[in-house]
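As stored in structure25.csv (CSV, C-alpha atoms):
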chain,number,residue,atom,x,y,z
A,1352,MET,CA,-13.4,27.9,4.3
A,1353,ALA,CA,-14.9,24.9,6.1
A,1354,LEU,CA,-13.4,21.5,5.8
A,1355,LEU,CA,-15.8,18.8,4.7
A,1356,ASP,CA,-16.1,15.6,6.6
A,1357,ILE,CA,-14.4,12.7,4.9
A,1358,ILE,CA,-16.4,9.5,4.9
A,1359,THR,CA,-14.4,6.3,5.4
A,1360,TYR,CA,-14.6,2.7,4.3
A,1361,PRO,CA,-16.9,0.7,4.6
A,1362,ASP,CA,-19.4,3.5,4.1
A,1363,GLU,CA,-21.7,2.3,1.3
A,1364,ARG,CA,-21.5,5.7,-0.5
A,1365,LEU,CA,-17.9,4.9,-1.4
A,1366,LYS,CA,-19.2,1.9,-3.3
A,1367,THR,CA,-21.8,3.8,-5.3
A,1368,GLY,CA,-21.5,5.2,-8.8
A,1369,CYS,CA,-21.9,9.0,-9.1
A,1370,GLU,CA,-24.3,11.1,-11.2
A,1371,PRO,CA,-23.0,13.5,-13.8
A,1372,VAL,CA,-22.9,17.2,-13.0
A,1373,GLU,CA,-25.4,19.0,-15.2
A,1374,THR,CA,-25.7,22.4,-13.6
A,1375,PHE,CA,-22.6,24.6,-13.2
A,1376,ASP,CA,-24.1,27.1,-10.7
A,1377,LEU,CA,-22.8,29.0,-7.7
A,1378,ALA,CA,-23.5,26.1,-5.3
A,1379,LEU,CA,-21.2,23.9,-7.4
A,1380,GLN,CA,-18.5,26.6,-7.3
A,1381,SER,CA,-18.8,26.8,-3.5
A,1382,PHE,CA,-18.7,23.0,-3.1
A,1383,ILE,CA,-15.6,22.8,-5.3
A,1384,ASP,CA,-13.8,25.4,-3.2
A,1385,HIS,CA,-14.6,23.4,-0.1
A,1386,LEU,CA,-13.5,20.2,-1.7
A,1387,ILE,CA,-10.2,21.8,-2.8
A,1388,GLU,CA,-9.6,23.0,0.8
A,1389,THR,CA,-10.4,19.6,2.2
A,1390,CYS,CA,-7.9,18.0,-0.2
A,1391,THR,CA,-5.3,20.6,0.7
A,1392,GLN,CA,-5.7,19.8,4.4
A,1393,GLY,CA,-5.8,16.0,3.9
A,1394,PRO,CA,-2.4,14.6,5.0
A,1395,GLY,CA,-0.3,14.0,1.9
A,1396,ALA,CA,-3.3,14.1,-0.3
A,1397,VAL,CA,-2.8,14.6,-4.1
A,1398,GLY,CA,-6.5,14.3,-5.0
A,1399,ILE,CA,-10.0,13.8,-3.7
A,1400,ALA,CA,-13.3,12.9,-5.2
A,1401,ALA,CA,-16.8,14.2,-4.2
A,1402,PRO,CA,-18.1,10.8,-3.0
A,1403,GLN,CA,-15.4,10.9,-0.3
A,1404,VAL,CA,-17.3,13.8,1.3
A,1405,GLY,CA,-20.6,12.1,0.7
A,1406,ILE,CA,-21.6,14.0,-2.5
A,1407,LEU,CA,-22.4,11.4,-5.2
A,1408,GLN,CA,-21.6,13.6,-8.2
A,1409,ARG,CA,-18.8,13.2,-10.8
A,1410,ILE,CA,-16.4,15.9,-9.4
A,1411,CYS,CA,-12.8,15.4,-8.4
A,1412,ILE,CA,-9.5,17.2,-7.8
A,1413,VAL,CA,-6.2,15.9,-9.2
A,1414,ASP,CA,-3.2,17.8,-8.0
A,1415,ALA,CA,0.2,16.3,-8.9
A,1416,THR,CA,1.9,19.5,-7.9
A,1417,ARG,CA,1.6,18.1,-4.3
A,1418,ALA,CA,3.8,15.0,-5.1
A,1419,ARG,CA,6.7,14.7,-2.7
A,1420,ARG,CA,9.1,14.6,-5.7
A,1421,PRO,CA,8.5,16.8,-8.7
A,1422,VAL,CA,6.5,14.9,-11.5
A,1423,ASP,CA,5.1,15.9,-14.9
A,1424,ASN,CA,1.8,17.5,-14.3
A,1425,HIS,CA,-1.0,19.8,-15.6
A,1426,GLY,CA,-1.1,21.8,-12.3
A,1427,HIS,CA,-4.0,21.8,-9.9
A,1428,LEU,CA,-7.0,20.3,-11.7
A,1429,VAL,CA,-10.7,20.4,-11.0
A,1430,LEU,CA,-12.3,17.7,-13.2
A,1431,ILE,CA,-16.0,17.6,-13.7
A,1432,ASN,CA,-17.6,14.5,-15.4
A,1433,PRO,CA,-14.1,13.1,-16.2
A,1434,GLU,CA,-13.9,10.2,-18.5
A,1435,ILE,CA,-10.7,8.2,-19.4
A,1436,THR,CA,-10.8,7.6,-23.1
A,1437,SER,CA,-7.6,5.6,-23.6
A,1438,TRP,CA,-5.1,3.7,-21.5
A,1439,ASP,CA,-1.5,2.7,-22.4
A,1440,GLY,CA,1.1,0.6,-20.6
A,1441,PHE,CA,0.9,-0.3,-17.0
A,1442,ALA,CA,2.9,0.0,-13.8
A,1443,VAL,CA,2.6,-1.1,-10.2
A,1444,GLY,CA,2.5,1.7,-7.7
A,1445,ARG,CA,1.6,2.4,-4.1
A,1446,GLU,CA,-1.7,4.0,-3.2
A,1447,GLY,CA,-3.4,5.2,-0.1
A,1448,CYS,CA,-6.7,7.0,0.4
A,1449,LEU,CA,-8.2,9.6,2.7
A,1450,SER,CA,-11.2,7.3,3.0
A,1451,VAL,CA,-9.0,4.3,4.0
A,1452,PRO,CA,-6.8,5.6,6.8
A,1453,ASP,CA,-3.6,3.8,7.9
A,1454,TYR,CA,-3.2,1.5,4.9
A,1455,THR,CA,-1.4,1.7,1.7
A,1456,GLY,CA,-1.2,-1.0,-1.0
A,1457,LYS,CA,0.0,-1.8,-4.4
A,1458,VAL,CA,-2.2,-1.2,-7.5
A,1459,ILE,CA,-1.6,-1.6,-11.2
A,1460,ARG,CA,-2.6,1.4,-13.3
A,1461,ALA,CA,-2.1,2.5,-16.8
A,1462,GLU,CA,1.2,4.5,-17.3
A,1463,LYS,CA,-0.4,6.9,-19.8
A,1464,ILE,CA,-4.0,8.0,-20.2
A,1465,GLU,CA,-6.1,10.3,-22.3
A,1466,LEU,CA,-8.8,12.0,-20.2
A,1467,LYS,CA,-11.7,14.2,-21.2
A,1468,ALA,CA,-13.6,16.3,-18.7
A,1469,GLN,CA,-15.2,19.7,-18.1
A,1470,ASP,CA,-13.6,22.4,-16.0
A,1471,ARG,CA,-15.4,23.9,-13.1
A,1472,PHE,CA,-17.4,26.2,-15.4
A,1473,GLY,CA,-18.4,23.5,-17.8
A,1474,ALA,CA,-15.9,24.1,-20.5
A,1475,PRO,CA,-14.7,20.9,-22.2
A,1476,CYS,CA,-11.0,20.0,-21.7
A,1477,THR,CA,-8.7,17.0,-22.5
A,1478,PHE,CA,-5.4,15.9,-21.0
A,1479,THR,CA,-2.7,13.4,-21.8
A,1480,MET,CA,-1.4,12.3,-18.4
A,1481,THR,CA,1.5,10.1,-17.5
A,1482,GLY,CA,3.0,8.4,-14.5
A,1483,PHE,CA,2.1,9.8,-11.1
A,1484,GLU,CA,-0.5,12.2,-12.4
A,1485,ALA,CA,-2.2,9.5,-14.5
A,1486,ARG,CA,-2.3,7.3,-11.4
A,1487,ILE,CA,-4.0,10.0,-9.3
A,1488,ALA,CA,-6.6,10.6,-12.1
A,1489,GLN,CA,-7.3,6.8,-12.3
A,1490,HIS,CA,-7.7,6.6,-8.5
A,1491,GLU,CA,-10.1,9.5,-8.5
A,1492,VAL,CA,-12.2,8.4,-11.5
A,1493,ASP,CA,-12.5,5.0,-9.8
A,1494,HIS,CA,-14.1,6.8,-6.8
A,1495,LEU,CA,-16.7,8.3,-9.1
A,1496,ASP,CA,-17.5,4.7,-10.3
A,1497,GLY,CA,-17.7,3.4,-6.7
A,1498,ILE,CA,-14.4,1.6,-6.9
A,1499,LEU,CA,-11.7,1.9,-4.2
A,1500,PHE,CA,-8.0,1.0,-4.6
A,1501,LEU,CA,-8.8,-1.8,-2.2
A,1502,ASP,CA,-10.7,-3.4,-5.1
A,1503,ARG,CA,-7.6,-3.4,-7.2
A,1504,LEU,CA,-4.9,-4.5,-4.8
A,1505,VAL,CA,-2.1,-6.7,-6.2
A,1506,SER,CA,0.4,-8.8,-4.4
A,1507,ARG,CA,2.3,-7.0,-1.6
A,1508,HIS,CA,5.4,-8.4,-3.2
A,1509,ALA,CA,4.8,-7.1,-6.7
A,1510,ASP,CA,7.8,-5.1,-7.8
A,1511,LEU,CA,7.2,-1.4,-8.3
A,1512,GLN,CA,8.1,0.0,-11.6
A,1513,ARG,CA,10.9,2.5,-11.8
A,1514,ARG,CA,9.7,5.9,-12.8
A,1515,THR,CA,12.8,6.6,-14.9
A,1516,PRO,CA,14.6,4.1,-17.0
A,1517,ALA,CA,17.7,2.5,-15.5
B,1107,MET,CA,-8.0,-6.9,32.5
B,1108,GLN,CA,-4.7,-7.6,30.9
B,1109,ASN,CA,-5.3,-7.9,27.2
B,1110,ASN,CA,-2.0,-7.2,25.4
B,1111,TRP,CA,-1.3,-8.4,21.9
B,1112,LEU,CA,0.6,-11.7,21.9
B,1113,ILE,CA,2.8,-12.5,19.0
B,1114,LEU,CA,2.5,-16.1,17.9
B,1115,THR,CA,5.0,-17.8,15.7
B,1116,LEU,CA,4.3,-21.2,14.2
B,1117,VAL,CA,6.5,-23.1,11.8
B,1118,GLY,CA,6.0,-26.5,10.3
B,1119,GLU,CA,6.2,-28.5,7.0
B,1120,ASP,CA,3.9,-26.8,4.5
B,1121,ARG,CA,0.6,-28.6,3.9
B,1122,PRO,CA,-2.9,-27.4,3.4
B,1123,GLY,CA,-5.0,-26.6,6.5
B,1124,ILE,CA,-2.5,-25.1,8.9
B,1125,VAL,CA,-4.0,-21.6,8.8
B,1126,ALA,CA,-7.6,-22.8,8.8
B,1127,ASN,CA,-7.0,-25.0,11.9
B,1128,VAL,CA,-5.0,-22.5,13.9
B,1129,THR,CA,-7.5,-19.7,13.3
B,1130,ARG,CA,-10.5,-21.9,13.9
B,1131,VAL,CA,-9.2,-22.8,17.4
B,1132,LEU,CA,-8.5,-19.2,18.2
B,1133,PHE,CA,-11.8,-17.9,16.8
B,1134,ALA,CA,-13.7,-20.6,18.9
B,1135,VAL,CA,-12.5,-18.9,22.1
B,1136,GLY,CA,-13.2,-15.4,20.9
B,1137,ALA,CA,-9.6,-14.4,20.2
B,1138,GLU,CA,-8.9,-11.4,18.0
B,1139,LEU,CA,-6.3,-11.5,15.3
B,1140,GLY,CA,-4.3,-8.4,14.4
B,1141,GLU,CA,-1.7,-8.1,11.7
B,1142,ALA,CA,-0.1,-11.2,10.4
B,1143,ALA,CA,2.5,-12.4,7.9
B,1144,MET,CA,2.5,-15.9,6.7
B,1145,MET,CA,4.6,-17.4,4.0
B,1146,ARG,CA,6.4,-20.5,2.7
B,1147,LEU,CA,10.1,-20.5,3.6
B,1148,GLY,CA,11.9,-23.4,2.0
B,1149,ASN,CA,9.4,-26.3,2.4
B,1150,GLN,CA,8.2,-24.9,5.7
B,1151,PHE,CA,5.2,-22.7,6.3
B,1152,ALA,CA,5.8,-19.9,8.8
B,1153,ILE,CA,3.2,-17.8,10.6
B,1154,MET,CA,3.7,-14.6,12.6
B,1155,MET,CA,0.5,-13.3,13.9
B,1156,MET,CA,-0.8,-10.8,16.5
B,1157,VAL,CA,-3.4,-12.4,18.8
B,1158,ARG,CA,-5.3,-11.2,21.8
B,1159,SER,CA,-8.3,-12.0,24.0
B,1160,ALA,CA,-7.1,-15.6,24.0
B,1161,GLY,CA,-5.6,-15.6,27.5
B,1162,SER,CA,-2.0,-15.8,28.6
B,1163,PRO,CA,0.8,-17.2,26.4
B,1164,GLU,CA,0.4,-20.5,28.3
B,1165,ASP,CA,-3.3,-20.5,27.6
B,1166,VAL,CA,-2.7,-20.1,23.9
B,1167,ILE,CA,-0.1,-22.8,23.8
B,1168,GLY,CA,-2.6,-25.1,25.6
B,1169,LEU,CA,-5.4,-24.2,23.1
B,1170,LEU,CA,-3.3,-25.0,20.1
B,1171,GLU,CA,-1.7,-28.2,21.5
B,1172,SER,CA,-3.8,-30.6,19.4
B,1173,THR,CA,-3.3,-28.5,16.2
B,1174,ARG,CA,0.4,-28.4,17.0
B,1175,MET,CA,0.6,-32.2,17.3
B,1176,ALA,CA,-1.6,-32.8,14.2
B,1177,PHE,CA,0.6,-30.7,12.0
B,1178,ASP,CA,3.9,-31.2,13.8
B,1179,LEU,CA,4.3,-27.5,14.3
B,1180,LYS,CA,6.8,-25.5,16.3
B,1181,LEU,CA,4.9,-22.9,18.3
B,1182,HIS,CA,6.1,-19.9,20.2
B,1183,VAL,CA,4.1,-17.2,21.9
B,1184,ASP,CA,5.4,-13.9,23.3
B,1185,GLU,CA,3.7,-11.3,25.3
B,1186,THR,CA,4.4,-7.9,23.7
B,1187,ASP,CA,3.4,-4.3,23.9
B,1188,ALA,CA,2.5,-4.3,20.2
B,1189,THR,CA,-0.3,-2.0,19.0
B,1190,LEU,CA,-2.2,-1.6,15.8
B,1191,HIS,CA,-2.5,1.5,13.6
B,1192,GLN,CA,1.3,2.0,13.5
B,1193,ALA,CA,1.7,1.5,9.8
B,1194,ARG,CA,4.6,3.3,8.2
B,1195,GLU,CA,5.0,4.1,4.5
B,1196,PRO,CA,8.1,2.9,2.7
B,1197,ASP,CA,9.6,5.5,0.4
B,1198,VAL,CA,12.3,3.4,-1.2
B,1199,LEU,CA,12.5,-0.1,-2.7
B,1200,VAL,CA,15.9,-1.8,-2.8
B,1201,THR,CA,16.1,-4.8,-5.1
B,1202,VAL,CA,19.2,-7.0,-4.9
B,1203,HIS,CA,20.3,-10.0,-7.0
B,1204,GLY,CA,23.4,-11.9,-7.6
B,1205,ALA,CA,25.0,-15.4,-7.6
B,1206,ASP,CA,24.2,-16.8,-4.2
B,1207,ARG,CA,27.0,-16.7,-1.6
B,1208,THR,CA,27.3,-16.1,2.1
B,1209,GLY,CA,27.3,-12.5,3.2
B,1210,ILE,CA,24.9,-10.8,0.8
B,1211,VAL,CA,22.3,-9.8,3.4
B,1212,ALA,CA,25.0,-8.7,5.9
B,1213,GLU,CA,26.8,-6.6,3.3
B,1214,VAL,CA,23.7,-4.9,1.8
B,1215,THR,CA,22.0,-4.2,5.1
B,1216,ALA,CA,25.3,-2.9,6.6
B,1217,ALA,CA,25.5,-0.4,3.7
B,1218,LEU,CA,21.8,0.5,4.1
B,1219,VAL,CA,22.0,1.1,7.9
B,1220,GLU,CA,25.0,3.3,7.3
B,1221,SER,CA,23.0,5.5,5.0
B,1222,GLY,CA,20.1,6.0,7.5
B,1223,PHE,CA,17.8,3.4,5.9
B,1224,ASN,CA,15.2,1.8,8.0
B,1225,ILE,CA,13.9,-1.6,6.8
B,1226,LEU,CA,10.1,-2.1,7.0
B,1227,ASP,CA,9.7,-5.2,4.8
B,1228,LEU,CA,12.3,-7.7,3.5
B,1229,ARG,CA,11.7,-10.7,1.3
B,1230,SER,CA,14.4,-12.9,-0.1
B,1231,ASP,CA,14.3,-16.0,-2.3
B,1232,VAL,CA,16.9,-18.4,-3.6
B,1233,GLY,CA,16.3,-19.2,-7.2
B,1234,GLY,CA,18.3,-20.7,-10.0
B,1235,THR,CA,19.4,-24.3,-9.6
B,1236,MET,CA,21.0,-26.4,-6.9
B,1237,ALA,CA,24.3,-26.1,-8.8
B,1238,ALA,CA,24.1,-22.4,-9.5
B,1239,PRO,CA,21.8,-20.7,-7.0
B,1240,ILE,CA,20.9,-17.1,-7.3
B,1241,TYR,CA,19.8,-14.8,-4.4
B,1242,ILE,CA,17.1,-12.2,-4.9
B,1243,MET,CA,16.1,-9.8,-2.2
B,1244,GLN,CA,13.5,-7.0,-2.1
B,1245,ILE,CA,13.6,-4.5,0.7
B,1246,GLU,CA,11.2,-1.7,1.3
B,1247,GLY,CA,12.0,1.0,3.8
B,1248,GLU,CA,12.4,4.5,4.8
B,1249,ALA,CA,15.4,6.6,3.5
B,1250,ARG,CA,15.8,8.8,6.5
B,1251,GLN,CA,18.8,10.6,5.1
B,1252,GLY,CA,17.5,10.7,1.5
B,1253,ILE,CA,18.1,8.6,-1.6
B,1254,ASP,CA,21.5,10.0,-2.5
B,1255,ALA,CA,22.9,8.7,0.8
B,1256,ILE,CA,21.7,5.2,-0.2
B,1257,GLU,CA,23.1,5.4,-3.7
B,1258,THR,CA,26.5,6.3,-2.3
B,1259,ALA,CA,26.4,3.6,0.3
B,1260,ILE,CA,25.5,0.8,-2.1
B,1261,ALA,CA,27.9,1.9,-4.9
B,1262,ALA,CA,30.7,-0.5,-3.7
B,1263,LEU,CA,28.4,-3.5,-3.8
B,1264,GLY,CA,28.6,-3.9,-7.5
B,1265,ALA,CA,32.3,-4.8,-7.1
B,1266,LYS,CA,31.1,-7.7,-4.9
B,1267,GLY,CA,29.1,-9.2,-7.6
B,1268,LEU,CA,25.7,-7.8,-6.6
B,1269,SER,CA,23.2,-5.9,-8.7
B,1270,VAL,CA,21.5,-3.4,-6.5
B,1271,ARG,CA,18.7,-1.1,-7.7
B,1272,ILE,CA,17.1,1.7,-5.7
B,1273,THR,CA,13.6,2.8,-6.7
B,1274,PRO,CA,11.9,5.7,-5.0
B,1275,LEU,CA,8.3,5.0,-4.0
B,1276,ASP,CA,5.8,7.8,-4.2
B,1277,THR,CA,2.4,7.0,-2.7
B,1278,VAL,CA,-0.7,8.4,-4.4
B,1279,ARG,CA,-3.1,9.4,-1.6
B,1280,GLY,CA,-6.4,10.5,-3.0
Rewritten as C-alpha cells:
Amino acid sequence: MALLDIITYPDERLKTGCEPVETFDLALQSFIDHLIETCTQGPGAVGIAAPQVGILQRICIVDATRARRPVDNHGHLVLINPEITSWDGFAVGREGCLSVPDYTGKVIRAEKIELKAQDRFGAPCTFTMTGFEARIAQHEVDHLDGILFLDRLVSRHADLQRRTPA
Amino acid sequence: MQNNWLILTLVGEDRPGIVANVTRVLFAVGAELGEAAMMRLGNQFAIMMMVRSAGSPEDVIGLLESTRMAFDLKLHVDETDATLHQAREPDVLVTVHGADRTGIVAEVTAALVESGFNILDLRSDVGGTMAAPIYIMQIEGEARQGIDAIETAIAALGAKGLSVRITPLDTVRG
C-alpha cells in the first residue's frame, strides 16, 4: 500500500471546504485504504482527513483505538460525509496535526457529540462520541470545512480538563 | 558565517510599547526571531527571545541601547547553541495551590524530579490578598517513569498544606 503525501500548512487546500462524496465506487475504496495506511504510518496519528493528502472530499478516519491510554471508542472508523448534529459540554485539550508538524496547542472542543455519517459503502450511521474520540472527530470534521486547530487555539495557559472526575 | 541563535532577556517596568520597540529595532537590521516567551511578572514585563542574524551579543546590545534607555530596561544577551524544531510534548499537567509560604516550588519540584518528571513549562502566580496570599502553580512536563511514580512522589505534599493535582495529557494528532 502506497503512502499518500501529506500536505502541510500553509497550503491553501487545507483552508478549503470539501465536497460531499456522491459515488461509492472502487476508486473510493482504494483511496480509503491508502488514507488508512497513511494515518497508521503518521507518527502518533489518531485520525486523518482527505484534504490533508490534497483530496478535497468529505472523507476522514477517526481511530481512538490508537490513543496512548485506553479511551471509550467505536473502533477504527471511516466516516464519509460526516456531520456533527449536536454538541454538549466543553473541555480544553491538546492537539497536533500531521499537516502542522512540530507544534501542539490547546483547543476547546465539545465533550460529547452526536455525529451522523455514511460508512465507506454509503450506509448511513450515527455515533454518540465522548472525550478523546469526540475531540478527534471534531478535529477531522474541521479539516473537511477548511478549518485547522490553529484557527481554534486558546491560551497556552488554559487549564486542561481532567478526563475523569477527581 | 557565524549565525547562532542568541538568547535575549529584557526586563523592565511593564508599559505599552516595549515589544513593539524592541522588535522594530531588530527587524530593521534584518534579524530573525525564533521562539519567545514574554509575560508580566509582578509589575515588570519580562522577555526571553531567540534572535539571530543581528550580529554578536555586543552588536545587539548596541542596537537596543536607545530602546533600553527609553524604557529603562535590563538587557542581557547570551550566545547559545539553541536550535528550533526541538518541541517536546508534555504528557502530564501538575497543578498546585495552597496558602503562600516559602518552599512550595522547592518541595514540589524535588518530589517531581525524584519521580522522573521533566519540566517543560512552569507558570506560577501569587493571588489572594496581601494579608492572605495564595500560591498557584501549573507545571507541564514529561512523566518519564509514568504517572503512578508521580502520584506516589507527591502524596506527602498534602500534609504540607498543598493541593496537588496530576492530569494526564493526551494529544489528539489528526
Counting all atoms listed in the file, collect the residues of chain B whose closest atom lies at most 8 Å from chain A, and write them out as a short mmCIF file (atom, residue, chain, number, x, y, z; two decimals) with C-alpha atoms, keeping the file's coordinate frame.
data_model
loop_
_atom_site.label_atom_id
_atom_site.label_comp_id
_atom_site.auth_asym_id
_atom_site.auth_seq_id
_atom_site.Cartn_x
_atom_site.Cartn_y
_atom_site.Cartn_z
CA HIS B 1191 -2.50 1.50 13.60
CA GLN B 1192 1.30 2.00 13.50
CA ALA B 1193 1.70 1.50 9.80
CA GLU B 1195 5.00 4.10 4.50
CA LEU B 1199 12.50 -0.10 -2.70
CA THR B 1273 13.60 2.80 -6.70
CA PRO B 1274 11.90 5.70 -5.00
CA LEU B 1275 8.30 5.00 -4.00
CA ASP B 1276 5.80 7.80 -4.20
CA THR B 1277 2.40 7.00 -2.70
CA VAL B 1278 -0.70 8.40 -4.40
CA ARG B 1279 -3.10 9.40 -1.60
CA GLY B 1280 -6.40 10.50 -3.00
#
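Closest approach to A:Glu1373 from the set A:Ile1410, A:Val1422, A:Val1443, A:Ala1461 is made by A:Ile1410, with distances taken over only C-alpha atoms.
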Would you work out the distance separating atom CA of B:Gly1222 from atom CA of B:Leu1190, expressed in Å to one decimal? 25.0 Å
Within 9 Å of stretch 1265-1270 of chain B, counting all atoms listed in the file, which residues qualify if same-chain residues fewer than 4 places away don't, as a PyMOL selection string? chain B and resi 1200-1205+1210+1214+1260-1261
Spatial neighbours of B:Thr1189, max dist 12 Å, only C-alpha atoms, sep filter under 5 positions, as a PyMOL selection string: chain B and resi 1109-1113+1139-1141+1156-1158
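What separates atom CA of B:Arg1271 from atom CA of B:Ala1259 is a distance of 12.1 Å.
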Counting all atoms listed in the file, what is within 6 Å of stretch 1471-1477 of chain A, bar same-chain residues fewer than 4 positions away, as number ranges by chain? A: 1375, 1466-1467
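What separates atom CA of A:Thr1481 from atom CA of A:Glu1462 is a distance of 5.6 Å.
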Name the residues in contact with B:Ala1249 at a cut-off of 8 Å, using only C-alpha atoms, excluding same-chain residues fewer than 3 positions from it; report them as a CSV table (one decimal) with C-alpha atoms, in the coordinates of the input.
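What landed in around00.csv:
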chain,number,residue,atom,x,y,z
B,1197,ASP,CA,9.6,5.5,0.4
B,1198,VAL,CA,12.3,3.4,-1.2
B,1221,SER,CA,23.0,5.5,5.0
B,1222,GLY,CA,20.1,6.0,7.5
B,1223,PHE,CA,17.8,3.4,5.9
B,1224,ASN,CA,15.2,1.8,8.0
B,1252,GLY,CA,17.5,10.7,1.5
B,1253,ILE,CA,18.1,8.6,-1.6
B,1256,ILE,CA,21.7,5.2,-0.2
Show me, as a PyMOL selection string, the residues that have an atom within 9 Å of B:Gly1118 when counting all atoms listed in the file, minus same-chain residues fewer than 6 positions from it. chain B and resi 1124+1149-1152+1174+1177-1181
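When all atoms listed in the file are used to measure the gap to A:Ala1401, the shortest distance among A:Ile1459, A:Leu1386, A:Ile1464, A:Leu1499 belongs to A:Leu1386.
The shortest atom-to-atom distance to B:Phe1133, with only C-alpha atoms taken into account, belongs to B:Val1166 out of B:Glu1171, B:Val1166, B:Arg1121, B:Arg1146.
Candidate residues A:Gln1392, A:Gln1408, A:Gln1489, A:Thr1359 were compared for distance to A:Leu1379, and the nearest is A:Gln1408, using only C-alpha atoms.
Among A:Asn1432, A:Thr1391, A:Gln1469, A:Asn1424, the residue with the shortest atom-to-atom distance to A:Leu1354, counting only C-alpha atoms, is A:Thr1391.
For the choices B:Ala1255, B:Pro1196, B:Val1117, B:Asp1206, the atom-to-atom distance to B:Gly1233 is smallest for B:Asp1206 when using all atoms listed in the file.
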Missing atoms in stretch 1258-1273 of chain B should be modelled up to N, CA, C and O atoms and reported as an mmCIF file, keeping the file's coordinate frame.
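Wrote it out as rebuild_27.cif, contents follow:
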data_model
loop_
_atom_site.group_PDB
_atom_site.id
_atom_site.type_symbol
_atom_site.label_atom_id
_atom_site.label_comp_id
_atom_site.auth_asym_id
_atom_site.auth_seq_id
_atom_site.Cartn_x
_atom_site.Cartn_y
_atom_site.Cartn_z
ATOM 1 N N THR B 1258 25.052 6.281 -2.622
ATOM 2 C CA THR B 1258 26.500 6.300 -2.300
ATOM 3 C C THR B 1258 26.876 5.078 -1.506
ATOM 4 O O THR B 1258 27.898 4.443 -1.787
ATOM 5 N N ALA B 1259 26.038 4.721 -0.547
ATOM 6 C CA ALA B 1259 26.400 3.600 0.300
ATOM 7 C C ALA B 1259 26.438 2.269 -0.404
ATOM 8 O O ALA B 1259 27.249 1.403 -0.075
ATOM 9 N N ILE B 1260 25.579 2.107 -1.432
ATOM 10 C CA ILE B 1260 25.500 0.800 -2.100
ATOM 11 C C ILE B 1260 26.491 0.739 -3.301
ATOM 12 O O ILE B 1260 26.645 -0.326 -3.894
ATOM 13 N N ALA B 1261 27.115 1.875 -3.635
ATOM 14 C CA ALA B 1261 27.900 1.900 -4.900
ATOM 15 C C ALA B 1261 29.003 0.831 -4.885
ATOM 16 O O ALA B 1261 29.294 0.252 -5.937
ATOM 17 N N ALA B 1262 29.567 0.518 -3.716
ATOM 18 C CA ALA B 1262 30.700 -0.500 -3.700
ATOM 19 C C ALA B 1262 30.188 -1.896 -3.835
ATOM 20 O O ALA B 1262 31.003 -2.804 -4.044
ATOM 21 N N LEU B 1263 28.871 -2.134 -3.747
ATOM 22 C CA LEU B 1263 28.400 -3.500 -3.800
ATOM 23 C C LEU B 1263 28.502 -4.163 -5.141
ATOM 24 O O LEU B 1263 28.597 -5.381 -5.254
ATOM 25 N N GLY B 1264 28.511 -3.325 -6.177
ATOM 26 C CA GLY B 1264 28.600 -3.900 -7.500
ATOM 27 C C GLY B 1264 29.938 -4.642 -7.689
ATOM 28 O O GLY B 1264 29.971 -5.697 -8.338
ATOM 29 N N ALA B 1265 30.997 -4.157 -7.055
ATOM 30 C CA ALA B 1265 32.300 -4.800 -7.100
ATOM 31 C C ALA B 1265 32.276 -6.177 -6.442
ATOM 32 O O ALA B 1265 33.148 -7.020 -6.651
ATOM 33 N N LYS B 1266 31.261 -6.396 -5.612
ATOM 34 C CA LYS B 1266 31.100 -7.700 -4.900
ATOM 35 C C LYS B 1266 30.170 -8.614 -5.601
ATOM 36 O O LYS B 1266 29.680 -9.582 -5.004
ATOM 37 N N GLY B 1267 29.870 -8.287 -6.853
ATOM 38 C CA GLY B 1267 29.100 -9.200 -7.600
ATOM 39 C C GLY B 1267 27.558 -9.060 -7.445
ATOM 40 O O GLY B 1267 26.783 -9.929 -7.834
ATOM 41 N N LEU B 1268 27.122 -7.958 -6.841
ATOM 42 C CA LEU B 1268 25.700 -7.800 -6.600
ATOM 43 C C LEU B 1268 25.114 -6.684 -7.465
ATOM 44 O O LEU B 1268 25.737 -5.635 -7.643
ATOM 45 N N SER B 1269 23.937 -6.930 -8.016
ATOM 46 C CA SER B 1269 23.200 -5.900 -8.700
ATOM 47 C C SER B 1269 22.230 -5.288 -7.687
ATOM 48 O O SER B 1269 21.396 -6.016 -7.152
ATOM 49 N N VAL B 1270 22.345 -4.010 -7.434
ATOM 50 C CA VAL B 1270 21.500 -3.400 -6.500
ATOM 51 C C VAL B 1270 20.778 -2.202 -7.135
ATOM 52 O O VAL B 1270 21.429 -1.383 -7.786
ATOM 53 N N ARG B 1271 19.465 -2.151 -7.018
ATOM 54 C CA ARG B 1271 18.700 -1.100 -7.700
ATOM 55 C C ARG B 1271 17.870 -0.388 -6.626
ATOM 56 O O ARG B 1271 17.253 -1.022 -5.764
ATOM 57 N N ILE B 1272 17.870 0.911 -6.697
ATOM 58 C CA ILE B 1272 17.100 1.700 -5.700
ATOM 59 C C ILE B 1272 15.951 2.368 -6.490
ATOM 60 O O ILE B 1272 16.158 3.035 -7.498
ATOM 61 N N THR B 1273 14.747 2.163 -6.033
ATOM 62 C CA THR B 1273 13.600 2.800 -6.700
ATOM 63 C C THR B 1273 12.830 3.625 -5.656
ATOM 64 O O THR B 1273 12.374 3.110 -4.641
#
